[in-house]
>>> print(open('model.cif').read())   # mmCIF, C-alpha atoms
data_entry
loop_
_atom_site.label_atom_id
_atom_site.label_comp_id
_atom_site.auth_asym_id
_atom_site.auth_seq_id
_atom_site.Cartn_x
_atom_site.Cartn_y
_atom_site.Cartn_z
CA MET Y 1 22.33 7.42 15.45
CA SER Y 2 21.17 5.47 12.42
CA THR Y 3 22.93 2.36 13.58
CA GLN Y 4 21.37 2.19 17.03
CA MET Y 5 19.71 -1.19 17.28
CA HIS Y 6 16.77 -2.28 19.42
CA ALA Y 7 16.31 -5.79 20.73
CA ILE Y 8 12.77 -7.05 20.17
CA THR Y 9 10.97 -10.29 20.84
CA VAL Y 10 7.74 -10.61 18.93
CA THR Y 11 5.29 -13.46 18.40
CA VAL Y 12 4.34 -13.92 14.75
CA ASN Y 13 1.79 -16.61 13.88
CA GLY Y 14 2.38 -18.21 17.26
CA LYS Y 15 6.16 -18.41 16.87
CA GLN Y 16 8.53 -16.23 18.88
CA TYR Y 17 11.25 -14.30 17.09
CA SER Y 18 14.06 -12.32 18.75
CA ARG Y 19 15.85 -9.84 16.50
CA GLN Y 20 17.89 -6.64 16.55
CA VAL Y 21 16.21 -3.89 14.52
CA GLU Y 22 17.00 -0.34 13.50
CA GLY Y 23 14.49 2.24 14.79
CA ARG Y 24 13.34 3.26 11.32
CA LEU Y 25 12.65 -0.28 10.09
CA LEU Y 26 8.98 -0.52 9.09
CA LEU Y 27 7.03 -3.50 10.39
CA SER Y 28 6.18 -4.45 6.79
CA ASP Y 29 9.88 -4.63 5.86
CA PHE Y 30 10.73 -6.46 9.07
CA LEU Y 31 8.19 -9.18 8.26
CA ARG Y 32 9.32 -9.52 4.66
CA HIS Y 33 13.09 -9.08 4.86
CA ASP Y 34 14.04 -10.12 8.39
CA LEU Y 35 11.52 -12.90 9.02
CA LEU Y 36 11.22 -13.81 5.32
CA LEU Y 37 7.43 -13.78 5.58
CA ALA Y 38 6.86 -12.22 2.17
CA GLY Y 39 3.12 -12.92 2.13
CA THR Y 40 2.55 -9.45 3.59
CA HIS Y 41 2.59 -7.26 0.49
CA VAL Y 42 3.84 -3.71 0.25
CA GLY Y 43 1.79 -1.49 -2.04
CA CYS Y 44 1.68 2.23 -1.39
CA GLU Y 45 3.77 2.44 1.81
CA HIS Y 46 1.70 5.31 3.13
CA GLY Y 47 -1.36 3.65 4.56
CA VAL Y 48 -3.77 3.98 1.65
CA CYS Y 49 -3.88 0.64 -0.19
CA GLY Y 50 -4.23 -1.89 2.64
CA ALA Y 51 -2.06 -4.58 0.99
CA CYS Y 52 0.26 -4.70 4.03
CA THR Y 53 -2.53 -5.21 6.60
CA VAL Y 54 -1.59 -7.59 9.41
CA ILE Y 55 -3.31 -8.38 12.71
CA PHE Y 56 -1.55 -6.64 15.61
CA ASP Y 57 -2.75 -7.71 19.07
CA GLY Y 58 -6.03 -8.83 17.51
CA ALA Y 59 -6.73 -5.77 15.35
CA PRO Y 60 -5.99 -5.32 11.63
CA VAL Y 61 -3.46 -2.52 11.10
CA ARG Y 62 -1.24 -1.16 8.34
CA SER Y 63 2.20 -2.70 8.85
CA CYS Y 64 3.75 0.08 6.72
CA LEU Y 65 2.68 2.63 9.36
CA MET Y 66 4.33 0.91 12.31
CA PHE Y 67 7.93 0.38 13.22
CA ALA Y 68 9.30 -3.06 14.01
CA ALA Y 69 10.73 -1.63 17.24
CA GLN Y 70 7.15 -1.01 18.41
CA THR Y 71 6.25 -4.69 18.32
CA ASP Y 72 8.44 -5.85 21.22
CA GLY Y 73 6.31 -8.12 23.38
CA HIS Y 74 3.34 -8.00 21.00
CA ARG Y 75 1.50 -10.55 18.89
CA ILE Y 76 1.17 -10.44 15.12
CA GLU Y 77 -0.72 -12.59 12.65
CA THR Y 78 0.14 -12.60 8.96
CA VAL Y 79 -1.33 -14.40 5.97
CA GLU Y 80 1.20 -17.22 6.45
CA GLY Y 81 -0.60 -18.13 9.68
CA LEU Y 82 -4.08 -18.47 8.15
CA ALA Y 83 -4.04 -21.98 6.67
CA ALA Y 84 -3.45 -25.00 8.88
CA ASP Y 85 -1.43 -26.59 6.06
CA ARG Y 86 -1.32 -26.80 2.26
CA ASP Y 87 -4.42 -28.94 2.06
CA HIS Y 88 -6.50 -27.08 4.63
CA LEU Y 89 -7.06 -23.48 3.66
CA HIS Y 90 -8.78 -21.05 6.02
CA PRO Y 91 -12.49 -20.79 5.04
CA LEU Y 92 -11.82 -17.26 3.76
CA GLN Y 93 -9.00 -18.48 1.54
CA GLN Y 94 -11.09 -21.38 0.26
CA ALA Y 95 -14.01 -19.05 -0.48
CA MET Y 96 -11.75 -16.57 -2.30
CA ARG Y 97 -10.59 -19.47 -4.46
CA ASP Y 98 -14.09 -20.81 -5.05
CA CYS Y 99 -15.55 -17.39 -5.91
CA HIS Y 100 -12.61 -16.13 -8.00
CA GLY Y 101 -12.04 -13.39 -5.42
CA LEU Y 102 -8.58 -12.67 -6.74
CA GLN Y 103 -6.81 -12.19 -10.03
CA CYS Y 104 -3.28 -10.85 -9.54
CA GLY Y 105 -3.45 -11.58 -5.81
CA TYR Y 106 -1.46 -8.57 -4.70
CA CYS Y 107 -4.17 -7.14 -2.44
CA THR Y 108 -5.36 -10.55 -1.23
CA PRO Y 109 -3.25 -11.01 1.95
CA GLY Y 110 -4.37 -7.62 3.29
CA ILE Y 111 -7.99 -8.40 2.48
CA LEU Y 112 -7.80 -11.82 4.16
CA MET Y 113 -6.32 -10.41 7.36
CA THR Y 114 -8.91 -7.60 7.45
CA MET Y 115 -11.81 -9.97 6.79
CA LYS Y 116 -10.64 -12.60 9.31
CA VAL Y 117 -11.16 -10.21 12.21
CA PHE Y 118 -14.26 -8.70 10.59
CA LEU Y 119 -15.97 -12.12 10.44
CA GLU Y 120 -14.96 -12.91 14.00
CA ASP Y 121 -16.68 -9.68 15.10
CA ASN Y 122 -19.59 -10.00 12.64
CA PRO Y 123 -20.35 -13.66 11.86
CA ASN Y 124 -23.45 -12.77 9.84
CA PRO Y 125 -22.73 -9.55 7.93
CA ASP Y 126 -24.86 -8.07 5.18
CA GLU Y 127 -23.39 -6.87 1.91
CA ALA Y 128 -23.21 -3.22 2.99
CA GLN Y 129 -21.26 -4.13 6.11
CA ILE Y 130 -18.83 -6.21 4.06
CA ARG Y 131 -18.28 -3.38 1.60
CA GLU Y 132 -17.73 -0.93 4.45
CA ALA Y 133 -15.21 -3.29 6.06
CA LEU Y 134 -13.46 -3.69 2.69
CA SER Y 135 -13.23 0.06 2.12
CA GLY Y 136 -9.65 0.22 3.38
CA ASN Y 137 -8.34 -2.36 0.90
CA LEU Y 138 -7.78 -1.41 -2.71
CA CYS Y 139 -8.17 -4.06 -5.41
CA ARG Y 140 -7.53 -3.05 -9.02
CA CYS Y 141 -8.45 -6.36 -10.65
CA THR Y 142 -11.74 -7.73 -9.45
CA GLY Y 143 -14.09 -4.81 -9.08
CA TYR Y 144 -14.73 -6.23 -5.59
CA GLN Y 145 -17.88 -8.15 -6.54
CA HIS Y 146 -16.28 -11.57 -6.25
CA ILE Y 147 -14.49 -10.60 -3.05
CA VAL Y 148 -17.81 -9.62 -1.47
CA GLU Y 149 -19.30 -12.94 -2.61
CA ALA Y 150 -16.31 -14.81 -1.19
CA VAL Y 151 -16.71 -13.14 2.20
CA GLN Y 152 -20.43 -13.98 2.18
CA LEU Y 153 -19.66 -17.61 1.33
CA ALA Y 154 -16.93 -17.83 3.99
CA ALA Y 155 -19.28 -16.35 6.59
CA GLU Y 156 -21.96 -18.89 5.66
CA ARG Y 157 -19.52 -21.81 5.89
CA MET Y 158 -18.02 -20.57 9.16
CA ARG Y 159 -21.44 -20.29 10.79
CA LYS Y 160 -22.07 -24.00 10.19
CA MET O 1 10.03 4.85 0.56
CA LYS O 2 11.79 4.46 3.88
CA PRO O 3 11.95 6.95 6.74
CA ALA O 4 15.20 8.81 7.27
CA PRO O 5 17.21 7.61 10.27
CA PHE O 6 16.03 8.74 13.70
CA GLN O 7 16.50 7.76 17.30
CA TYR O 8 13.61 5.63 18.59
CA VAL O 9 12.72 5.75 22.27
CA ALA O 10 9.85 3.77 23.78
CA ALA O 11 8.67 5.97 26.66
CA ARG O 12 8.49 4.23 30.01
CA THR O 13 6.79 7.07 31.91
CA ILE O 14 5.06 10.35 31.05
CA GLU O 15 7.79 12.20 32.95
CA GLN O 16 10.50 10.58 30.86
CA ALA O 17 8.66 11.42 27.64
CA LEU O 18 8.25 15.06 28.71
CA GLN O 19 11.90 15.30 29.76
CA LEU O 20 13.05 14.04 26.37
CA LYS O 21 10.74 16.50 24.61
CA ALA O 22 12.08 19.33 26.77
CA GLU O 23 15.62 18.38 25.77
CA HIS O 24 15.01 17.89 22.06
CA GLY O 25 12.13 20.30 21.34
CA ASP O 26 10.99 20.41 17.71
CA GLU O 27 13.66 17.87 16.72
CA ALA O 28 11.66 15.22 18.57
CA ARG O 29 8.14 14.07 17.75
CA PHE O 30 5.73 12.04 19.85
CA LEU O 31 4.62 8.84 18.14
CA ALA O 32 0.99 8.00 18.99
CA GLY O 33 -1.02 6.07 16.36
CA GLY O 34 1.36 7.20 13.66
CA GLN O 35 -1.35 7.17 11.00
CA SER O 36 -0.57 10.74 9.89
CA LEU O 37 3.05 11.06 11.03
CA VAL O 38 4.48 7.85 9.60
CA PRO O 39 3.21 8.43 6.02
CA THR O 40 4.94 11.82 6.01
CA MET O 41 8.09 10.12 7.36
CA ASN O 42 7.90 7.45 4.65
CA PHE O 43 7.80 10.26 2.08
CA ARG O 44 10.62 11.96 4.03
CA LEU O 45 8.52 15.11 4.24
CA THR O 46 9.08 14.81 8.00
CA GLN O 47 12.52 13.85 9.30
CA PRO O 48 12.49 14.06 13.09
CA ALA O 49 15.80 13.32 14.84
CA MET O 50 13.93 11.45 17.54
CA LEU O 51 10.62 9.62 17.91
CA ILE O 52 9.28 9.34 21.44
CA ASP O 53 6.86 6.41 21.31
CA ILE O 54 4.07 7.06 23.81
CA ASN O 55 2.12 3.90 22.97
CA PRO O 56 3.43 2.12 26.10
CA LEU O 57 1.82 4.87 28.27
CA HIS O 58 -1.56 3.20 28.75
CA GLU O 59 -2.59 5.77 31.36
CA LEU O 60 -2.99 8.25 28.46
CA ALA O 61 -5.84 6.19 26.99
CA GLY O 62 -9.46 6.01 28.05
CA LEU O 63 -12.71 7.85 28.37
CA GLY O 64 -13.92 9.09 31.73
CA ASN O 65 -16.02 11.69 33.49
CA GLY O 66 -14.68 15.21 33.81
CA PRO O 67 -16.14 17.90 36.06
CA ALA O 68 -19.92 18.54 35.83
CA VAL O 69 -21.41 17.37 32.54
CA ARG O 70 -18.15 16.92 30.72
CA LEU O 71 -16.21 13.91 29.46
CA ARG O 72 -12.47 13.57 29.25
CA ILE O 73 -10.82 11.52 26.53
CA GLY O 74 -7.16 10.58 26.96
CA ALA O 75 -4.89 11.56 24.10
CA LEU O 76 -3.90 7.96 23.37
CA THR O 77 -7.52 6.78 23.07
CA ARG O 78 -7.86 5.03 19.73
CA TYR O 79 -10.76 5.68 17.39
CA ARG O 80 -11.55 1.97 17.67
CA SER O 81 -12.12 2.35 21.42
CA LEU O 82 -14.33 5.41 20.93
CA GLU O 83 -16.39 3.52 18.32
CA ARG O 84 -16.91 0.63 20.72
CA ASP O 85 -17.58 2.66 23.88
CA PRO O 86 -21.35 3.10 24.45
CA ALA O 87 -20.60 6.44 26.16
CA THR O 88 -19.62 7.87 22.77
CA ALA O 89 -23.03 7.34 21.18
CA ARG O 90 -24.82 8.39 24.36
CA HIS O 91 -22.91 11.55 25.25
CA LEU O 92 -20.97 12.50 22.14
CA PRO O 93 -23.35 11.83 19.24
CA LEU O 94 -21.46 14.23 16.98
CA ILE O 95 -18.31 12.12 17.33
CA ALA O 96 -20.25 8.86 17.04
CA GLU O 97 -21.69 9.97 13.70
CA ALA O 98 -18.33 11.13 12.34
CA LEU O 99 -16.23 8.13 13.41
CA PRO O 100 -17.26 5.75 10.59
CA LEU O 101 -16.30 8.47 8.09
CA ILE O 102 -12.75 8.79 9.42
CA ALA O 103 -10.42 6.86 7.10
CA HIS O 104 -10.81 3.07 7.25
CA PRO O 105 -11.20 0.41 9.96
CA GLN O 106 -7.47 -0.45 9.92
CA ILE O 107 -6.56 3.22 10.41
CA ARG O 108 -9.13 3.65 13.21
CA ASN O 109 -7.71 0.57 14.95
CA ARG O 110 -4.47 2.44 15.41
CA GLY O 111 -5.20 6.19 15.12
CA THR O 112 -5.65 8.19 18.32
CA ILE O 113 -7.74 11.26 19.08
CA GLY O 114 -4.77 13.08 20.61
CA GLY O 115 -2.50 12.38 17.67
CA ASN O 116 -5.18 13.63 15.32
CA LEU O 117 -5.80 16.85 17.26
CA ALA O 118 -2.08 17.59 17.68
CA HIS O 119 -1.56 16.97 13.95
CA ALA O 120 -4.31 19.56 13.27
CA ASP O 121 -5.05 18.79 9.66
CA PRO O 122 -7.66 21.35 8.52
CA ALA O 123 -9.40 18.66 6.46
CA SER O 124 -9.70 16.28 9.40
CA GLU O 125 -13.03 15.75 11.14
CA MET O 126 -12.00 15.76 14.79
CA PRO O 127 -10.51 19.27 15.08
CA ALA O 128 -13.72 20.73 13.63
CA ILE O 129 -15.82 18.65 16.01
CA VAL O 130 -13.82 19.59 19.12
CA LEU O 131 -14.02 23.24 18.07
CA THR O 132 -17.78 23.00 17.45
CA LEU O 133 -18.32 21.35 20.82
CA GLY O 134 -16.32 24.10 22.51
CA GLY O 135 -13.93 21.61 24.08
CA ARG O 136 -10.66 22.31 25.81
CA LEU O 137 -7.35 20.49 25.76
CA ARG O 138 -4.81 19.79 28.48
CA ALA O 139 -1.15 20.25 27.61
CA ARG O 140 1.68 19.22 29.87
CA SER O 141 5.42 19.85 29.88
CA ALA O 142 8.20 19.06 32.34
CA LYS O 143 7.49 22.49 33.85
CA GLY O 144 3.77 22.16 34.41
CA GLU O 145 0.43 21.94 32.66
CA ARG O 146 -2.29 24.17 31.26
CA TRP O 147 -5.73 23.97 29.67
CA ILE O 148 -6.19 25.45 26.21
CA ASP O 149 -9.62 26.25 24.73
CA ALA O 150 -10.17 24.61 21.35
CA ALA O 151 -10.67 28.08 19.84
CA ASP O 152 -7.10 28.95 20.85
CA PHE O 153 -5.58 25.52 20.25
CA PHE O 154 -5.93 25.35 16.47
CA VAL O 155 -3.67 28.06 15.09
CA GLY O 156 -3.53 27.12 11.42
CA ALA O 157 -2.80 24.32 8.98
CA LEU O 158 -0.92 21.59 10.89
CA THR O 159 -0.20 24.17 13.60
CA THR O 160 -1.40 24.22 17.20
CA ALA O 161 -0.73 26.28 20.32
CA LEU O 162 1.36 23.44 21.76
CA GLU O 163 4.87 24.57 22.69
CA PRO O 164 7.85 22.45 21.55
CA ASP O 165 8.17 20.96 25.04
CA GLU O 166 4.47 20.17 25.53
CA MET O 167 2.47 16.98 25.12
CA LEU O 168 -1.28 16.88 24.55
CA MET O 169 -2.65 14.83 27.46
CA GLU O 170 -6.41 14.80 27.00
CA VAL O 171 -9.39 16.60 25.58
CA GLU O 172 -12.45 17.61 27.60
CA LEU O 173 -15.83 17.82 25.87
CA PRO O 174 -19.35 18.68 27.06
CA LYS O 175 -21.87 15.84 27.10
CA ALA O 176 -24.82 16.40 24.79
CA PRO O 177 -27.34 18.38 26.89
CA PRO O 178 -31.09 17.61 27.06
CA ARG O 179 -33.28 18.90 24.20
CA SER O 180 -30.29 18.94 21.87
CA GLY O 181 -29.50 17.29 18.56
CA ALA O 182 -26.27 16.92 16.64
CA CYS O 183 -25.39 15.99 13.10
CA PHE O 184 -22.16 15.44 11.20
CA MET O 185 -22.10 15.20 7.41
CA GLU O 186 -19.31 15.27 4.90
CA MET O 187 -18.75 14.83 1.21
CA SER O 188 -15.68 12.98 -0.02
CA ARG O 189 -14.70 11.52 -3.38
CA ARG O 190 -14.40 8.01 -2.02
CA ARG O 191 -15.33 6.36 1.26
CA GLY O 192 -12.68 7.18 3.86
CA ASP O 193 -10.99 9.94 1.85
CA PHE O 194 -10.49 13.37 3.32
CA ALA O 195 -13.67 15.40 3.10
CA ILE O 196 -14.10 17.98 0.35
CA ILE O 197 -16.20 19.70 3.02
CA GLY O 198 -17.49 18.43 6.35
CA VAL O 199 -20.09 20.10 8.57
CA ALA O 200 -20.76 19.59 12.27
CA CYS O 201 -24.00 21.03 13.71
CA ILE O 202 -25.49 21.16 17.17
CA VAL O 203 -28.93 22.60 17.96
CA ARG O 204 -30.20 23.00 21.53
CA LEU O 205 -33.81 24.02 22.09
CA ASP O 206 -35.43 25.91 24.95
CA GLU O 207 -38.62 24.71 26.61
CA ALA O 208 -40.74 26.57 24.08
CA GLY O 209 -39.00 24.77 21.21
CA ARG O 210 -36.99 27.78 20.06
CA CYS O 211 -33.27 27.54 19.42
CA ALA O 212 -31.39 28.26 22.67
CA GLU O 213 -28.02 27.71 21.07
CA ALA O 214 -26.69 26.51 17.74
CA ARG O 215 -23.11 25.69 16.85
CA ILE O 216 -21.84 25.06 13.34
CA GLY O 217 -18.29 24.03 12.47
CA LEU O 218 -16.59 22.90 9.28
CA CYS O 219 -13.57 20.95 8.14
CA ASN O 220 -11.54 21.62 5.01
CA ALA O 221 -13.07 25.09 4.83
CA GLY O 222 -10.01 27.18 5.73
CA ASP O 223 -6.49 27.13 7.19
CA GLY O 224 -7.76 25.29 10.24
CA PRO O 225 -11.06 23.98 11.53
CA VAL O 226 -13.70 26.70 11.17
CA PHE O 227 -16.34 27.72 13.69
CA ALA O 228 -19.08 29.58 11.83
CA ALA O 229 -19.82 32.15 14.54
CA ARG O 230 -22.24 34.41 12.62
CA ALA O 231 -24.27 31.51 11.25
CA SER O 232 -24.43 29.88 14.68
CA ALA O 233 -25.55 33.10 16.41
CA SER O 234 -28.16 33.82 13.73
CA LEU O 235 -30.34 30.96 14.97
CA THR O 236 -30.45 31.87 18.67
CA GLY O 237 -33.93 32.65 19.95
CA ARG O 238 -35.64 31.66 16.72
CA THR O 239 -37.88 28.76 15.83
CA VAL O 240 -35.68 26.90 13.37
CA GLY O 241 -37.35 26.21 10.04
CA SER O 242 -36.28 26.13 6.43
CA VAL O 243 -36.02 29.94 6.18
CA GLU O 244 -33.72 30.21 9.21
CA ILE O 245 -31.64 27.27 8.04
CA GLY O 246 -31.28 28.79 4.57
CA GLU O 247 -30.07 32.07 6.07
CA ALA O 248 -27.55 30.28 8.28
CA ALA O 249 -26.25 28.29 5.30
CA LYS O 250 -25.70 31.53 3.35
CA LEU O 251 -23.76 32.99 6.30
CA VAL O 252 -21.62 29.87 6.43
CA GLN O 253 -20.86 30.19 2.73
CA SER O 254 -19.70 33.78 3.12
CA ASP O 255 -17.69 33.09 6.28
CA ILE O 256 -15.49 30.24 5.03
CA ASP O 257 -12.35 30.45 2.94
CA PRO O 258 -11.77 26.99 1.46
CA GLY O 259 -8.47 26.37 -0.29
CA GLY O 260 -9.70 24.64 -3.42
CA SER O 261 -7.87 21.77 -5.11
CA ILE O 262 -7.74 19.93 -8.41
CA HIS O 263 -10.66 17.84 -7.18
CA ALA O 264 -12.89 20.65 -5.94
CA SER O 265 -12.66 24.37 -6.67
CA LYS O 266 -13.24 26.92 -3.93
CA GLU O 267 -16.62 27.71 -5.48
CA PHE O 268 -17.63 24.06 -5.45
CA GLN O 269 -16.50 23.68 -1.82
CA ARG O 270 -18.52 26.75 -0.89
CA HIS O 271 -21.54 25.34 -2.68
CA ILE O 272 -21.19 22.00 -0.88
CA ALA O 273 -20.76 23.80 2.46
CA GLY O 274 -24.14 25.44 1.89
CA VAL O 275 -25.84 22.18 0.91
CA LEU O 276 -24.39 20.20 3.81
CA THR O 277 -25.09 22.96 6.34
CA THR O 278 -28.72 23.02 5.21
CA ARG O 279 -29.07 19.26 5.54
CA ALA O 280 -27.10 18.85 8.77
CA LEU O 281 -28.86 21.73 10.53
CA ALA O 282 -32.26 20.34 9.56
CA ARG O 283 -31.27 16.90 10.85
CA ALA O 284 -29.79 18.24 14.10
CA ASN O 285 -32.95 20.30 14.63
CA GLU O 286 -35.17 17.25 14.03
CA ARG O 287 -33.10 15.24 16.47
CA ALA O 288 -33.33 18.01 19.09
CA ARG O 289 -37.12 17.96 18.69
CA GLY O 290 -37.11 14.19 19.05
CA ALA O 291 -35.06 14.52 22.25
CA ALA O 292 -37.35 17.22 23.70
#
>>> encode(input="model.cif", output="structure tokens")
Amino acid sequence: MSTQMHAITVTVNGKQYSRQVEGRLLLSDFLRHDLLLAGTHVGCEHGVCGACTVIFDGAPVRSCLMFAAQTDGHRIETVEGLAADRDHLHPLQQAMRDCHGLQCGYCTPGILMTMKVFLEDNPNPDEAQIREALSGNLCRCTGYQHIVEAVQLAAERMRK
Amino acid sequence: MKPAPFQYVAARTIEQALQLKAEHGDEARFLAGGQSLVPTMNFRLTQPAMLIDINPLHELAGLGNGPAVRLRIGALTRYRSLERDPATARHLPLIAEALPLIAHPQIRNRGTIGGNLAHADPASEMPAIVLTLGGRLRARSAKGERWIDAADFFVGALTTALEPDEMLMEVELPKAPPRSGACFMEMSRRRGDFAIIGVACIVRLDEAGRCAEARIGLCNAGDGPVFAARASASLTGRTVGSVEIGEAAKLVQSDIDPGGSIHASKEFQRHIAGVLTTRALARANERARGAA
């Protein structure tokens, strides 16, 4: 039973991957260990901290609360897909850097993936909306202030 | 933290899913949004032998008209869809007000109303709301289907009237009637946490402005969602003012049996239930007057 494998083909950051996965393999572990995309961080593994947030079919979700077997035929974006290349960060990444929106960086990938979709849906958010959208991502370093400022700066730059 | 081994099956049809459930009973669990089930599997508190993934069954999702002035919401409808559907704010204002308080955006992107109701967490908002609205739920098995009133559906903590071979298909709720107002309020320690106490109130007025019907329900106030029957009935036929609301809040406090926790004693929960009932009833009453 434990060894039954499922064939999946999933698109991650625009690239197709075909793999055999065990039913119980979490999406977070699949991304990190099978695809070697370790930018998706694993914090609490029960859906509370938000570090493992990825974009699944256009919506940010907890990758620790999904199974890899569920992603067959679906589309996933992870933090590795954000920047065009080393010298061209996504506006959110650049703003996080400029505003000191991270210290240890553990929560950052989850925050970036959450905020990417948030800014697409709300190009001109106020501070309260940003804080509400951030409520599902725990950060223990920054106190959130600089993250909020980074999102405001990114929104401003992306509107131009 | 990794789930124990299980057999994963992506359902192709409702019939196939029901057949598998009939064969495996309590050993099998349906996987909807997974936002409550998967954490318990990661902790290995739940170790089903089989997961029947119903996410491919798109026909189980969506919001549509039921008979008369009722709406039907498919079990696989995600909170995200309810938040974005204008029909929610228009016809189900109680749900519209509660949705932003349910966990976090990432959880609402995935979590489903049917999964939540079948999970039946007493602290969760939606069971209390469906009970307060007097909704009913459709269950189906390989043998047939039946409707279950919300009052009979929620049996206790994490326990429903669903049989081991049944799947929850949809929930049917009344649209907000004319001259009515609703209000949902909760208190939690942090945004998105489970409520220490949550209160759902509906007030419907007659043409003279008296209360024709009031309904008050609570979450995290007992073994399951609680409908405060005495408090609700106490308002019928009366012009609702601060005296009537105060009396109803006292009845609520004496009718609930909250469990208490390290974060909030039973006494504190009871106190908060009184405060929130007072505020939510007043707001629902104001809104009913505004709608009159």
>>> interface_residues(input="model.cif", of="chain O", to="chain Y", cutoff="10 Å", atoms="all atoms listed in the file", output="VMD selection string")
chain O and resid 1 to 10 31 33 to 43 49 to 51 53 55 to 56 80 100 103 to 111 190 to 193
>>> atom_distance(input="model.cif", atom1="atom CA of O:Arg29", atom2="atom CA of Y:Ser18")
27.1 Å
>>> residues_around(input="model.cif", residues="Y:Glu156", least_positions_apart="2", cutoff="12 Å", atoms="only C-alpha atoms", output="ChimeraX atom specification")
/Y:91-92,95,119,122-126,149-154,158-160
>>> residues_near_point(input="model.cif", point="(15.4, -11.0, 9.7)", cutoff="10 Å", atoms="only C-alpha atoms", output="PyMOL selection string")
chain Y and resi 17-21+29-37
>>> residues_around(input="model.cif", residues="O:Lys143", least_positions_apart="5", cutoff="10 Å", atoms="only C-alpha atoms", output="list in words")
Leu18, Gln19, Ala22, Asp165 and Glu166 of chain O
>>> resolve_selection(input="model.cif", expression="the PyMOL selection byres ((chain Y and resi 10) around 7)", output="PyMOL selection string")
chain Y and resi 8-9+11-12+16-18+71-75
>>> residues_around(input="model.cif", residues="O:Pro93", least_positions_apart="2", cutoff="12 Å", atoms="only C-alpha atoms", output="ChimeraX atom specification")
/O:82-83,85-91,95-99,129,133,173-177,180-184,200-202,284,287-288
>>> closest_residue(input="model.cif", among="O:Ala282, O:Ile196, O:Val240, O:Lys250", to="O:Ile262", atoms="all atoms listed in the file")
O:Ile196
>>> atom_distance(input="model.cif", atom1="atom CA of O:Met187", atom2="atom CA of O:Lys266")
14.2 Å
>>> closest_residue(input="model.cif", among="O:Arg72, O:Thr77, O:Thr239, O:Ala123", to="O:Arg138", atoms="all atoms listed in the file")
O:Arg72
>>> closest_residue(input="model.cif", among="O:Ala128, O:Ala264, O:Ile52, O:Leu162", to="O:Ser188", atoms="only C-alpha atoms")
O:Ala264
>>> build_atoms(input="model.cif", residues="stretch 183-195 of chain O", atoms="N, CA and C atoms", output="PDB file, in the frame of the given file")
ATOM      1  N   CYS O 183     -25.498  16.679  14.386  1.00  0.00           N
ATOM      2  CA  CYS O 183     -25.390  15.990  13.100  1.00  0.00           C
ATOM      3  C   CYS O 183     -24.045  16.292  12.468  1.00  0.00           C
ATOM      4  N   PHE O 184     -23.394  15.252  11.972  1.00  0.00           N
ATOM      5  CA  PHE O 184     -22.160  15.440  11.200  1.00  0.00           C
ATOM      6  C   PHE O 184     -22.366  14.878   9.808  1.00  0.00           C
ATOM      7  N   MET O 185     -22.027  15.682   8.796  1.00  0.00           N
ATOM      8  CA  MET O 185     -22.100  15.200   7.410  1.00  0.00           C
ATOM      9  C   MET O 185     -20.862  15.654   6.674  1.00  0.00           C
ATOM     10  N   GLU O 186     -20.411  14.831   5.745  1.00  0.00           N
ATOM     11  CA  GLU O 186     -19.310  15.270   4.900  1.00  0.00           C
ATOM     12  C   GLU O 186     -19.481  14.706   3.499  1.00  0.00           C
ATOM     13  N   MET O 187     -18.794  15.358   2.566  1.00  0.00           N
ATOM     14  CA  MET O 187     -18.750  14.830   1.210  1.00  0.00           C
ATOM     15  C   MET O 187     -17.301  14.527   0.883  1.00  0.00           C
ATOM     16  N   SER O 188     -17.035  13.310   0.424  1.00  0.00           N
ATOM     17  CA  SER O 188     -15.680  12.980  -0.020  1.00  0.00           C
ATOM     18  C   SER O 188     -15.783  12.222  -1.331  1.00  0.00           C
ATOM     19  N   ARG O 189     -14.673  12.139  -2.051  1.00  0.00           N
ATOM     20  CA  ARG O 189     -14.700  11.520  -3.380  1.00  0.00           C
ATOM     21  C   ARG O 189     -14.875  10.025  -3.280  1.00  0.00           C
ATOM     22  N   ARG O 190     -14.253   9.441  -2.263  1.00  0.00           N
ATOM     23  CA  ARG O 190     -14.400   8.010  -2.020  1.00  0.00           C
ATOM     24  C   ARG O 190     -14.570   7.808  -0.528  1.00  0.00           C
ATOM     25  N   ARG O 191     -15.192   6.705  -0.154  1.00  0.00           N
ATOM     26  CA  ARG O 191     -15.330   6.360   1.260  1.00  0.00           C
ATOM     27  C   ARG O 191     -13.971   6.417   1.959  1.00  0.00           C
ATOM     28  N   GLY O 192     -13.900   7.164   3.068  1.00  0.00           N
ATOM     29  CA  GLY O 192     -12.680   7.180   3.860  1.00  0.00           C
ATOM     30  C   GLY O 192     -11.677   8.242   3.440  1.00  0.00           C
ATOM     31  N   ASP O 193     -11.884   8.855   2.272  1.00  0.00           N
ATOM     32  CA  ASP O 193     -10.990   9.940   1.850  1.00  0.00           C
ATOM     33  C   ASP O 193     -11.227  11.168   2.717  1.00  0.00           C
ATOM     34  N   PHE O 194     -10.261  12.088   2.659  1.00  0.00           N
ATOM     35  CA  PHE O 194     -10.490  13.370   3.320  1.00  0.00           C
ATOM     36  C   PHE O 194     -11.715  14.035   2.704  1.00  0.00           C
ATOM     37  N   ALA O 195     -12.448  14.756   3.554  1.00  0.00           N
ATOM     38  CA  ALA O 195     -13.670  15.400   3.100  1.00  0.00           C
ATOM     39  C   ALA O 195     -13.342  16.579   2.179  1.00  0.00           C
TER      40      ALA O 195
END
